[in-house]
>>> print(open('run25.txt').read())   # compact mmCIF, C-alpha atoms and all ligand atoms
# COMPACT_ATOMS: atom_id res chain seq x y z
CA MET R 1 -9.86 -4.91 -8.63
CA SER R 2 -9.11 -6.33 -12.07
CA LYS R 3 -8.79 -10.07 -12.46
CA ASP R 4 -5.51 -11.93 -12.15
CA ILE R 5 -2.86 -11.37 -14.80
CA LEU R 6 -0.01 -13.45 -13.39
CA HIS R 7 -0.19 -17.15 -14.17
CA ILE R 8 1.28 -18.15 -10.82
CA GLY R 9 -1.09 -18.45 -7.87
CA GLN R 10 -0.98 -17.66 -4.17
CA ILE R 11 2.26 -18.73 -2.47
CA LYS R 12 1.50 -20.78 0.63
CA TYR R 13 3.49 -21.96 3.60
CA ALA R 14 4.32 -25.65 3.14
CA GLY R 15 6.89 -26.20 5.89
CA ALA R 16 10.63 -26.83 5.93
CA ASP R 17 10.37 -30.38 4.60
CA SER R 18 8.24 -29.57 1.58
CA ASP R 19 9.73 -30.12 -1.85
CA GLN R 20 7.33 -27.69 -3.53
CA ALA R 21 9.57 -24.99 -4.90
CA LEU R 22 6.86 -22.35 -5.17
CA SER R 23 6.00 -22.38 -1.48
CA PHE R 24 7.35 -20.90 1.75
CA LYS R 25 9.50 -23.19 3.89
CA HIS R 26 10.03 -20.87 6.87
CA TYR R 27 7.85 -17.82 6.31
CA ASN R 28 4.44 -18.68 7.62
CA PRO R 29 2.75 -15.26 7.46
CA ALA R 30 0.01 -16.26 9.91
CA GLU R 31 2.30 -17.87 12.53
CA LEU R 32 1.94 -16.20 15.91
CA VAL R 33 5.10 -15.16 17.69
CA ASP R 34 4.64 -13.26 20.96
CA GLY R 35 1.10 -12.30 20.02
CA LYS R 36 2.01 -10.92 16.59
CA THR R 37 2.02 -12.70 13.26
CA LEU R 38 5.25 -13.27 11.38
CA LYS R 39 3.88 -10.99 8.68
CA GLU R 40 3.58 -8.21 11.25
CA HIS R 41 7.00 -8.90 12.75
CA LEU R 42 8.95 -9.02 9.51
CA ARG R 43 7.26 -6.19 7.61
CA PHE R 44 8.54 -7.38 4.22
CA SER R 45 8.44 -4.90 1.40
CA ILE R 46 8.78 -5.18 -2.37
CA ALA R 47 11.02 -2.71 -4.22
CA TYR R 48 8.99 -1.42 -7.16
CA TRP R 49 12.07 -0.37 -9.13
CA HIS R 50 13.65 -3.82 -9.25
CA SER R 51 10.66 -6.12 -9.25
CA PHE R 52 8.50 -4.08 -11.64
CA ARG R 53 10.90 -1.84 -13.54
CA GLY R 54 13.94 -4.11 -13.67
CA THR R 55 14.87 -5.36 -17.12
CA GLY R 56 18.02 -7.36 -16.41
CA SER R 57 20.29 -4.68 -17.88
CA ASP R 58 23.80 -4.37 -16.44
CA PRO R 59 26.76 -2.06 -17.13
CA PHE R 60 27.57 -4.14 -20.23
CA GLY R 61 24.22 -4.86 -21.80
CA VAL R 62 20.63 -3.85 -22.38
CA GLY R 63 17.61 -5.54 -20.86
CA THR R 64 16.86 -9.26 -21.16
CA ILE R 65 13.56 -9.41 -19.24
CA SER R 66 10.34 -8.38 -20.96
CA ARG R 67 6.92 -8.57 -19.39
CA PRO R 68 3.69 -8.80 -21.38
CA TRP R 69 1.97 -6.03 -19.37
CA GLU R 70 4.65 -3.51 -20.38
CA ARG R 71 2.87 -2.70 -23.66
CA GLY R 72 0.00 -0.28 -24.06
CA ARG R 73 -1.48 2.92 -25.44
CA ASP R 74 0.76 5.37 -23.62
CA ALA R 75 3.21 5.45 -20.72
CA VAL R 76 0.60 6.39 -18.11
CA SER R 77 -1.82 3.62 -19.04
CA VAL R 78 1.06 1.12 -18.93
CA ALA R 79 1.96 2.48 -15.48
CA LEU R 80 -1.61 1.90 -14.30
CA LYS R 81 -1.66 -1.65 -15.63
CA ARG R 82 1.77 -2.34 -14.13
CA ALA R 83 0.45 -1.19 -10.76
CA ASP R 84 -2.37 -3.75 -10.99
CA VAL R 85 0.16 -6.50 -11.65
CA ALA R 86 2.45 -5.29 -8.88
CA PHE R 87 -0.37 -5.43 -6.32
CA GLU R 88 -1.38 -8.87 -7.50
CA PHE R 89 2.21 -9.93 -6.86
CA PHE R 90 2.36 -8.25 -3.40
CA ARG R 91 -0.79 -10.12 -2.47
CA LYS R 92 0.37 -13.48 -3.81
CA ILE R 93 3.78 -13.26 -2.16
CA GLU R 94 2.26 -12.12 1.17
CA ALA R 95 4.25 -8.89 1.37
CA PRO R 96 2.51 -6.27 3.52
CA PHE R 97 4.50 -3.32 2.10
CA TYR R 98 6.09 -1.86 -1.02
CA CYS R 99 8.52 1.00 -1.72
CA PHE R 100 9.05 3.25 -4.73
CA HIS R 101 10.87 6.15 -6.32
CA ASP R 102 8.52 8.70 -7.90
CA ARG R 103 9.75 7.82 -11.39
CA ASP R 104 9.25 4.07 -10.88
CA ILE R 105 5.53 4.36 -10.52
CA ALA R 106 4.81 7.08 -13.11
CA PRO R 107 6.68 8.24 -16.21
CA GLU R 108 8.62 11.50 -16.18
CA GLY R 109 6.93 14.04 -18.48
CA ARG R 110 8.41 16.72 -20.74
CA THR R 111 7.99 19.29 -17.96
CA LEU R 112 7.90 19.11 -14.18
CA ARG R 113 4.20 19.96 -14.28
CA GLU R 114 3.51 17.06 -16.62
CA SER R 115 5.57 14.70 -14.44
CA ASN R 116 3.50 15.79 -11.43
CA ARG R 117 0.26 15.22 -13.33
CA ASN R 118 1.38 11.71 -14.33
CA LEU R 119 2.24 11.02 -10.73
CA ASP R 120 -1.15 12.20 -9.52
CA ARG R 121 -2.97 9.88 -11.90
CA VAL R 122 -0.97 6.82 -10.84
CA VAL R 123 -1.05 7.71 -7.15
CA ALA R 124 -4.86 7.89 -7.19
CA HIS R 125 -4.86 4.37 -8.60
CA LEU R 126 -2.28 3.11 -6.09
CA LYS R 127 -4.44 4.49 -3.30
CA GLN R 128 -7.35 2.37 -4.50
CA LEU R 129 -5.14 -0.69 -4.82
CA GLN R 130 -3.78 -0.18 -1.30
CA ARG R 131 -7.31 0.08 0.03
CA ALA R 132 -8.45 -3.03 -1.83
CA THR R 133 -5.51 -5.23 -0.79
CA GLY R 134 -4.41 -3.81 2.57
CA VAL R 135 -0.84 -3.51 1.23
CA LYS R 136 0.85 -0.38 2.57
CA LEU R 137 3.66 1.94 1.58
CA LEU R 138 6.80 1.38 3.67
CA TRP R 139 8.57 4.35 2.12
CA GLY R 140 8.65 6.68 -0.81
CA THR R 141 11.60 8.48 -2.32
CA ALA R 142 12.52 10.62 -5.32
CA ASN R 143 14.76 9.48 -8.13
CA LEU R 144 17.42 12.19 -8.21
CA PHE R 145 20.01 10.24 -10.18
CA THR R 146 18.66 8.88 -13.51
CA ASN R 147 17.87 12.06 -15.43
CA PRO R 148 20.97 13.72 -17.03
CA ARG R 149 20.14 16.99 -15.23
CA TYR R 150 21.41 15.30 -12.07
CA MET R 151 24.72 14.10 -13.52
CA CYS R 152 26.65 16.34 -11.10
CA GLY R 153 24.35 15.66 -8.17
CA ALA R 154 20.98 16.98 -7.06
CA ALA R 155 21.28 18.72 -3.67
CA THR R 156 25.08 18.83 -4.13
CA ASN R 157 24.96 20.12 -7.70
CA PRO R 158 27.13 23.22 -8.30
CA ASP R 159 24.14 24.81 -10.09
CA ALA R 160 21.46 26.23 -7.77
CA GLN R 161 18.85 25.73 -10.50
CA VAL R 162 19.37 21.98 -10.30
CA PHE R 163 19.06 22.21 -6.50
CA ALA R 164 15.74 23.98 -6.96
CA TYR R 165 14.50 21.39 -9.46
CA ALA R 166 15.44 18.57 -7.07
CA ALA R 167 13.68 20.41 -4.23
CA ALA R 168 10.51 20.65 -6.31
CA GLN R 169 10.73 16.94 -7.05
CA VAL R 170 11.18 15.97 -3.39
CA LYS R 171 8.36 18.33 -2.38
CA LYS R 172 6.04 16.40 -4.66
CA ALA R 173 7.45 13.03 -3.59
CA LEU R 174 6.75 13.94 0.05
CA GLU R 175 3.20 14.94 -0.85
CA VAL R 176 2.47 11.64 -2.60
CA THR R 177 4.18 9.62 0.12
CA LYS R 178 1.90 11.33 2.62
CA GLU R 179 -1.13 10.82 0.39
CA LEU R 180 -0.41 7.09 0.32
CA GLY R 181 0.21 6.85 4.06
CA GLY R 182 3.94 6.12 3.66
CA GLU R 183 5.52 5.18 6.99
CA ASN R 184 8.98 6.51 6.07
CA TYR R 185 10.73 8.68 3.49
CA VAL R 186 14.18 7.73 2.22
CA PHE R 187 17.15 9.77 1.07
CA TRP R 188 19.74 7.74 -0.73
CA GLY R 189 22.51 9.98 -2.01
CA GLY R 190 22.38 8.75 -5.60
CA ARG R 191 24.83 11.20 -7.13
CA GLU R 192 25.47 13.26 -3.99
CA GLY R 193 29.23 12.94 -4.04
CA TYR R 194 32.01 13.68 -6.47
CA GLU R 195 33.94 12.24 -9.38
CA THR R 196 37.01 14.43 -8.81
CA LEU R 197 37.98 16.93 -6.13
CA LEU R 198 39.58 19.06 -8.86
CA ASN R 199 36.16 20.54 -9.62
CA THR R 200 34.50 20.13 -6.23
CA ASP R 201 33.95 22.33 -3.18
CA LEU R 202 33.43 19.51 -0.71
CA LYS R 203 32.60 21.74 2.25
CA ARG R 204 29.96 23.66 0.34
CA GLU R 205 28.40 20.55 -1.17
CA GLN R 206 27.97 18.89 2.22
CA ALA R 207 26.39 22.06 3.61
CA HIS R 208 24.01 22.16 0.62
CA LEU R 209 23.01 18.54 1.18
CA ALA R 210 22.24 19.33 4.81
CA ALA R 211 20.28 22.45 3.81
CA PHE R 212 18.25 20.32 1.41
CA MET R 213 17.41 17.81 4.13
CA HIS R 214 16.40 20.58 6.53
CA LEU R 215 14.07 21.96 3.85
CA ALA R 216 12.52 18.50 3.49
CA VAL R 217 12.03 18.22 7.26
CA ASP R 218 10.45 21.70 7.33
CA TYR R 219 8.11 20.86 4.48
CA ALA R 220 7.09 17.56 6.05
CA LYS R 221 6.09 19.51 9.14
CA GLN R 222 4.12 22.02 7.06
CA ILE R 223 2.05 19.35 5.34
CA GLY R 224 1.73 17.14 8.43
CA PHE R 225 3.73 14.20 7.09
CA GLN R 226 4.44 12.04 10.14
CA GLY R 227 6.72 9.47 8.49
CA GLN R 228 10.27 8.79 9.65
CA PHE R 229 13.06 10.25 7.51
CA LEU R 230 15.77 7.74 6.65
CA ILE R 231 19.22 8.18 5.17
CA GLU R 232 20.65 5.23 3.21
CA PRO R 233 24.46 5.17 3.23
CA LYS R 234 26.49 3.90 0.28
CA PRO R 235 30.20 4.55 -0.22
CA LYS R 236 30.36 4.75 -3.99
CA GLU R 237 28.49 4.02 -7.19
CA PRO R 238 27.32 5.83 -9.12
CA THR R 239 29.79 8.51 -7.99
CA LYS R 240 33.36 7.68 -7.01
CA HIS R 241 32.82 8.97 -3.49
CA GLN R 242 29.41 9.48 -1.88
CA TYR R 243 28.99 11.78 1.13
CA ASP R 244 26.78 9.28 2.95
CA PHE R 245 29.67 6.76 2.81
CA ASP R 246 28.63 4.49 5.69
CA VAL R 247 26.70 4.68 8.95
CA ALA R 248 29.59 6.19 10.89
CA SER R 249 30.11 9.02 8.41
CA GLY R 250 26.33 9.39 8.23
CA ILE R 251 26.17 9.90 11.99
CA ALA R 252 28.91 12.54 11.79
CA PHE R 253 27.03 14.28 8.97
CA LEU R 254 23.68 14.23 10.77
CA LYS R 255 25.17 15.46 14.04
CA THR R 256 27.31 18.16 12.41
CA PHE R 257 24.26 19.65 10.73
CA GLY R 258 21.72 19.11 13.51
CA LEU R 259 19.75 16.49 11.56
CA ASP R 260 20.11 13.55 13.94
CA ARG R 261 16.78 14.34 15.61
CA HIS R 262 15.01 13.94 12.29
CA PHE R 263 16.74 11.02 10.59
CA LYS R 264 17.45 7.35 11.15
CA PHE R 265 19.32 4.90 8.93
CA ASN R 266 18.12 2.63 6.17
CA ILE R 267 20.90 0.05 6.00
CA GLU R 268 21.50 -1.93 2.84
CA THR R 269 23.52 -5.13 3.03
CA ASN R 270 25.60 -4.69 -0.08
CA HIS R 271 26.26 -1.03 0.62
CA ALA R 272 27.81 -2.17 3.90
CA THR R 273 30.01 -4.62 2.03
CA LEU R 274 31.01 -2.01 -0.55
CA ALA R 275 32.12 0.22 2.35
CA GLY R 276 34.34 -2.57 3.65
CA HIS R 277 32.05 -3.49 6.53
CA THR R 278 29.76 -6.36 7.39
CA PHE R 279 25.98 -5.94 7.42
CA GLN R 280 26.02 -6.73 11.14
CA HIS R 281 28.61 -3.99 11.75
CA GLU R 282 26.49 -1.30 10.12
CA ILE R 283 23.42 -2.36 12.10
CA GLU R 284 25.37 -2.30 15.38
CA VAL R 285 26.84 1.14 14.65
CA ALA R 286 23.39 2.61 13.96
CA ALA R 287 21.77 0.81 16.89
CA ALA R 288 24.48 2.03 19.29
CA VAL R 289 23.25 5.60 18.83
CA GLY R 290 19.55 4.69 18.59
CA LEU R 291 19.34 5.46 14.87
CA LEU R 292 18.49 2.07 13.38
CA GLY R 293 15.53 2.64 11.10
CA SER R 294 15.00 0.13 8.31
CA ILE R 295 16.73 -2.44 6.12
CA ASP R 296 17.27 -2.73 2.38
CA ALA R 297 17.58 -6.48 2.07
CA ASN R 298 19.98 -7.76 -0.55
CA THR R 299 23.56 -8.90 -0.97
CA GLY R 300 26.47 -8.46 -3.36
CA ASP R 301 28.85 -10.91 -4.89
CA THR R 302 32.35 -11.06 -3.44
CA LEU R 303 33.78 -11.62 -6.91
CA LEU R 304 32.06 -8.63 -8.52
CA GLY R 305 32.90 -5.03 -7.71
CA TRP R 306 29.53 -3.39 -8.20
CA ASP R 307 26.20 -3.24 -6.42
CA THR R 308 24.72 -6.46 -7.83
CA ASP R 309 21.66 -6.29 -5.56
CA GLN R 310 21.10 -10.02 -5.27
CA PHE R 311 18.53 -11.75 -3.10
CA ASN R 312 20.20 -12.85 0.11
CA THR R 313 20.03 -16.53 1.04
CA ASP R 314 22.93 -16.55 3.49
CA VAL R 315 21.47 -17.90 6.75
CA LYS R 316 24.53 -17.10 8.82
CA GLU R 317 24.87 -13.48 7.69
CA LEU R 318 21.17 -12.82 8.23
CA THR R 319 21.06 -14.54 11.61
CA LEU R 320 23.88 -12.31 12.85
CA ALA R 321 22.08 -9.27 11.45
CA MET R 322 18.80 -10.35 13.02
CA ILE R 323 20.44 -10.80 16.43
CA ALA R 324 21.69 -7.22 16.21
CA ILE R 325 18.27 -5.95 15.10
CA LEU R 326 16.31 -7.80 17.79
CA ARG R 327 18.77 -6.75 20.47
CA ALA R 328 18.21 -3.16 19.38
CA GLY R 329 14.46 -3.63 19.91
CA GLY R 330 13.51 -4.25 16.26
CA LEU R 331 12.94 -1.88 13.37
CA GLY R 332 9.85 -0.08 14.67
CA ARG R 333 8.13 1.51 11.70
CA GLY R 334 10.90 0.25 9.38
CA GLY R 335 10.87 -3.06 7.56
CA PHE R 336 12.80 -5.41 5.32
CA ASN R 337 12.64 -4.06 1.81
CA PHE R 338 13.89 -6.39 -0.92
CA ASP R 339 16.08 -3.94 -2.78
CA ALA R 340 17.21 -6.87 -4.89
CA LYS R 341 16.89 -7.86 -8.49
CA LEU R 342 16.82 -10.92 -10.67
CA ARG R 343 20.01 -12.04 -12.39
CA ARG R 344 20.21 -11.11 -16.04
CA PRO R 345 19.38 -14.61 -17.33
CA SER R 346 16.49 -15.09 -14.84
CA ILE R 347 13.93 -13.99 -17.38
CA ASP R 348 10.80 -15.89 -16.37
CA LEU R 349 8.04 -14.63 -14.13
CA GLU R 350 8.59 -17.76 -12.05
CA ASP R 351 12.09 -16.45 -11.23
CA LEU R 352 10.57 -13.37 -9.59
CA PHE R 353 8.61 -15.66 -7.27
CA HIS R 354 11.59 -17.93 -6.50
CA ALA R 355 13.71 -14.88 -5.72
CA HIS R 356 11.30 -13.39 -3.20
CA ILE R 357 10.42 -16.75 -1.66
CA GLY R 358 14.14 -17.34 -1.02
CA GLY R 359 14.69 -13.90 0.44
CA MET R 360 11.64 -14.07 2.70
CA ASP R 361 12.31 -17.63 3.83
CA THR R 362 15.91 -16.84 4.74
CA TYR R 363 14.89 -13.79 6.76
CA ALA R 364 12.13 -15.75 8.48
CA LEU R 365 14.54 -18.56 9.35
CA ALA R 366 17.12 -16.04 10.57
CA PHE R 367 14.44 -14.38 12.72
CA LYS R 368 13.58 -17.70 14.38
CA LEU R 369 17.22 -18.66 14.90
CA ALA R 370 18.07 -15.24 16.30
CA ARG R 371 15.17 -15.42 18.74
CA ARG R 372 16.29 -18.85 19.93
CA ILE R 373 19.89 -17.69 20.31
CA LEU R 374 18.85 -14.60 22.27
CA LYS R 375 16.45 -16.58 24.42
CA GLU R 376 19.13 -19.08 25.41
CA GLY R 377 21.39 -16.09 26.05
CA LYS R 378 24.73 -17.89 25.78
CA PHE R 379 26.40 -15.20 23.70
CA GLU R 380 24.86 -12.44 25.82
CA LYS R 381 26.18 -14.09 28.96
CA PHE R 382 29.63 -14.56 27.46
CA VAL R 383 29.84 -10.91 26.44
CA ALA R 384 28.46 -9.69 29.77
CA ASP R 385 31.09 -11.74 31.62
CA ARG R 386 33.80 -10.35 29.38
CA TYR R 387 33.05 -6.83 30.56
CA ALA R 388 32.15 -7.72 34.16
CA THR R 389 35.07 -5.74 35.63
CA PHE R 390 33.22 -2.59 34.53
CA ASP R 391 30.15 -3.56 36.56
CA ILE R 392 31.81 -3.02 39.94
CA GLY R 393 34.30 -0.89 41.82
CA TYR R 394 36.74 1.27 39.87
CA GLY R 395 35.45 -0.19 36.53
CA LYS R 396 31.97 1.11 37.29
CA ASP R 397 33.43 4.47 38.27
CA ILE R 398 35.08 4.71 34.84
CA GLU R 399 31.75 4.17 33.09
CA LYS R 400 30.06 6.69 35.38
CA GLY R 401 32.68 9.34 34.67
CA LYS R 402 33.76 9.31 38.31
CA SER R 403 37.34 8.27 37.76
CA SER R 404 40.63 10.08 37.20
CA PHE R 405 44.07 9.25 35.89
CA LYS R 406 45.45 9.68 39.42
CA THR R 407 43.12 7.09 40.99
CA LEU R 408 43.71 4.72 38.10
CA GLU R 409 47.44 5.09 38.54
CA GLN R 410 47.07 4.08 42.21
CA ILE R 411 45.09 1.01 41.13
CA ALA R 412 47.70 0.08 38.51
CA PHE R 413 50.50 0.37 41.10
CA LYS R 414 48.54 -1.73 43.56
CA LEU R 415 47.19 -4.48 41.25
CA GLY R 416 50.17 -4.77 38.94
CA GLU R 417 50.10 -6.71 35.66
CA PRO R 418 46.54 -7.65 34.45
CA LYS R 419 45.92 -11.35 33.87
CA PRO R 420 45.29 -12.10 30.16
CA ARG R 421 41.96 -13.72 29.26
CA SER R 422 41.07 -15.61 26.08
CA GLY R 423 38.61 -14.03 23.63
CA ARG R 424 37.33 -17.57 22.81
CA GLN R 425 36.53 -16.73 19.20
CA GLU R 426 36.72 -20.29 17.89
CA TYR R 427 34.50 -21.59 20.69
CA LEU R 428 31.92 -18.88 19.87
CA GLU R 429 32.03 -19.65 16.15
CA ASN R 430 31.36 -23.30 16.91
CA LEU R 431 28.53 -22.30 19.24
CA LEU R 432 26.96 -20.25 16.45
CA ASN R 433 27.26 -23.19 14.08
CA SER R 434 25.52 -25.43 16.59
CA TYR R 435 22.41 -23.26 16.14
CA LEU R 436 22.69 -22.92 12.37
CA HIS R 437 23.28 -26.56 11.62
CA ARG R 438 21.37 -28.94 13.80
CA GLY R 439 22.13 -32.36 12.27
C1 LIG R 501 20.89 2.09 -4.74
C2 LIG R 501 19.97 2.24 -3.64
C3 LIG R 501 18.56 2.67 -4.02
C4 LIG R 501 17.82 3.18 -2.82
C5 LIG R 501 16.61 3.99 -3.11
O1 LIG R 501 21.96 1.50 -4.62
O2 LIG R 501 19.94 1.06 -2.91
O3 LIG R 501 17.90 1.63 -4.64
O4 LIG R 501 17.44 2.14 -1.99
O5 LIG R 501 16.93 5.15 -3.79
NI NI R 502 21.70 -0.29 -3.41
NI NI R 503 18.61 0.61 -1.37
>>> encode(input="run25.txt", output="structure tokens")
Amino acid sequence: MSKDILHIGQIKYAGADSDQALSFKHYNPAELVDGKTLKEHLRFSIAYWHSFRGTGSDPFGVGTISRPWERGRDAVSVALKRADVAFEFFRKIEAPFYCFHDRDIAPEGRTLRESNRNLDRVVAHLKQLQRATGVKLLWGTANLFTNPRYMCGAATNPDAQVFAYAAAQVKKALEVTKELGGENYVFWGGREGYETLLNTDLKREQAHLAAFMHLAVDYAKQIGFQGQFLIEPKPKEPTKHQYDFDVASGIAFLKTFGLDRHFKFNIETNHATLAGHTFQHEIEVAAAVGLLGSIDANTGDTLLGWDTDQFNTDVKELTLAMIAILRAGGLGRGGFNFDAKLRRPSIDLEDLFHAHIGGMDTYALAFKLARRILKEGKFEKFVADRYATFDIGYGKDIEKGKSSFKTLEQIAFKLGEPKPRSGRQEYLENLLNSYLHRG
């Protein structure tokens, strides 16, 4: 491996009381929890597109961030050098995984063949870097939204030729994801939606999207790709309405088209918020049907209307999310991918380190708090008690499908008016705070 390029060294765990900014306060990668290290539990991943392709541009302005390694002979040699830097960063920040879109890692060529050739050259290099560092690919995906050819969608484009082009691109993306041992493959419906129903056949577009996903599943089988397929819901942006609006509509889509056996959900915090939900809600909805797959870790800004993709340092929000995740049995082969970017004025390399340290530390703290909360079981007990009438007698019969309106009518006549019981919300909020803020 080439020698270090970044001027910042290895980030180490220094403990919660340390005042060293460039150190972990809660994420001790080597710490053993139930026989597994924190690094193994949390499965953090770096998003190549933000951390190594992000320039600080926003809807109102061009890039502000420039990196010295972004200059070179030609686009492919820059891509190779960038990969070296990226892996140095993964290693220094103690992230065991990374994620990419095909076009993040290698430049798009003038033809599809040239794009594929570029990809092959970079992928061969990434394979070496993975081997040398032990960093693995959490998931791959294809960028089906940047190029103008996809302005009216990829799989939902009204032109079958665009559908075919997108299929060719995903075919290749699946091949390289397999080549690099990717543990998952993500579909985020970038422009799979509509701007106006005046020009849109909604029924046909949804059927085309499903057909596309079935083709991907079939091809994965053909080439022996064992990774988990994930769908990443988002209600809007870039299109006005996206078909994979939220987890609930995603479940309906997957079940309608017989895809629920092949897909799970990749849930992104700010996509949940954009859909008018909490992060915790989206996790619970996916977990309830056994389809929780992975997390895109970020947050939005309540005062801004777009997907700002910020690093999340909200201990309360992440603790609630972590409780839901742990209760569901964890993420399995998923992980926490920092689909988050630096603010436009955060132009220094140091900022990239601060950003990831904050995100990782907050998740690690949330993980520990959630484990403690679940271990003490106070919320679990409260909730179990709240539903206890369904554990016995006629309540149990209802859950078992052994009841009828006639029997229930007899019970209602006999027992009369039910006694109201408090939901105790304020007590529970205080209880949560007692874990979050130990004075
Ligand atoms: C955009 C999405 C995107 C996906 C990968 O909002 O979050 O980054 O994670 O295509
Ligand atoms: Ni997003
Ligand atoms: Ni995402």
>>> residues_near_ligand(input="run25.txt", ligand="ligand NI 503 (chain R)", cutoff="8 Å", atoms="all atoms listed in the file", output="NGL selection string")
:R and (188 or 232 or 266-268 or 296-297 or 339)
>>> closest_residue(input="run25.txt", among="R:Gly190, R:Gly153, R:Gly250, R:Pro107", to="Thr141 (chain R)", atoms="only C-alpha atoms")
R:Gly190
>>> atom_distance(input="run25.txt", atom1="CA of Asp314 (chain R)", atom2="CA of Ala355 (chain R)")
13.1 Å
>>> residues_around(input="run25.txt", residues="Arg343 (chain R)", least_positions_apart="2", cutoff="10 Å", atoms="all atoms listed in the file", output="ChimeraX atom specification")
/R:55-58,64-65,308-311,340-341,345-347,351-352,355
>>> closest_residue(input="run25.txt", among="R:Val123, R:Ala216, R:Ala275, R:Met322", to="Gly305 (chain R)", atoms="only C-alpha atoms")
R:Ala275
>>> closest_residue(input="run25.txt", among="R:Leu318, R:Leu274, R:Val247, R:Leu408", to="ligand NI 502 (chain R)", atoms="all atoms listed in the file")
R:Leu274
>>> residues_around(input="run25.txt", residues="region 162-176 of chain R", least_positions_apart="4", cutoff="6 Å", atoms="all atoms listed in the file", output="PyMOL selection string")
chain R and resi 142+154-155
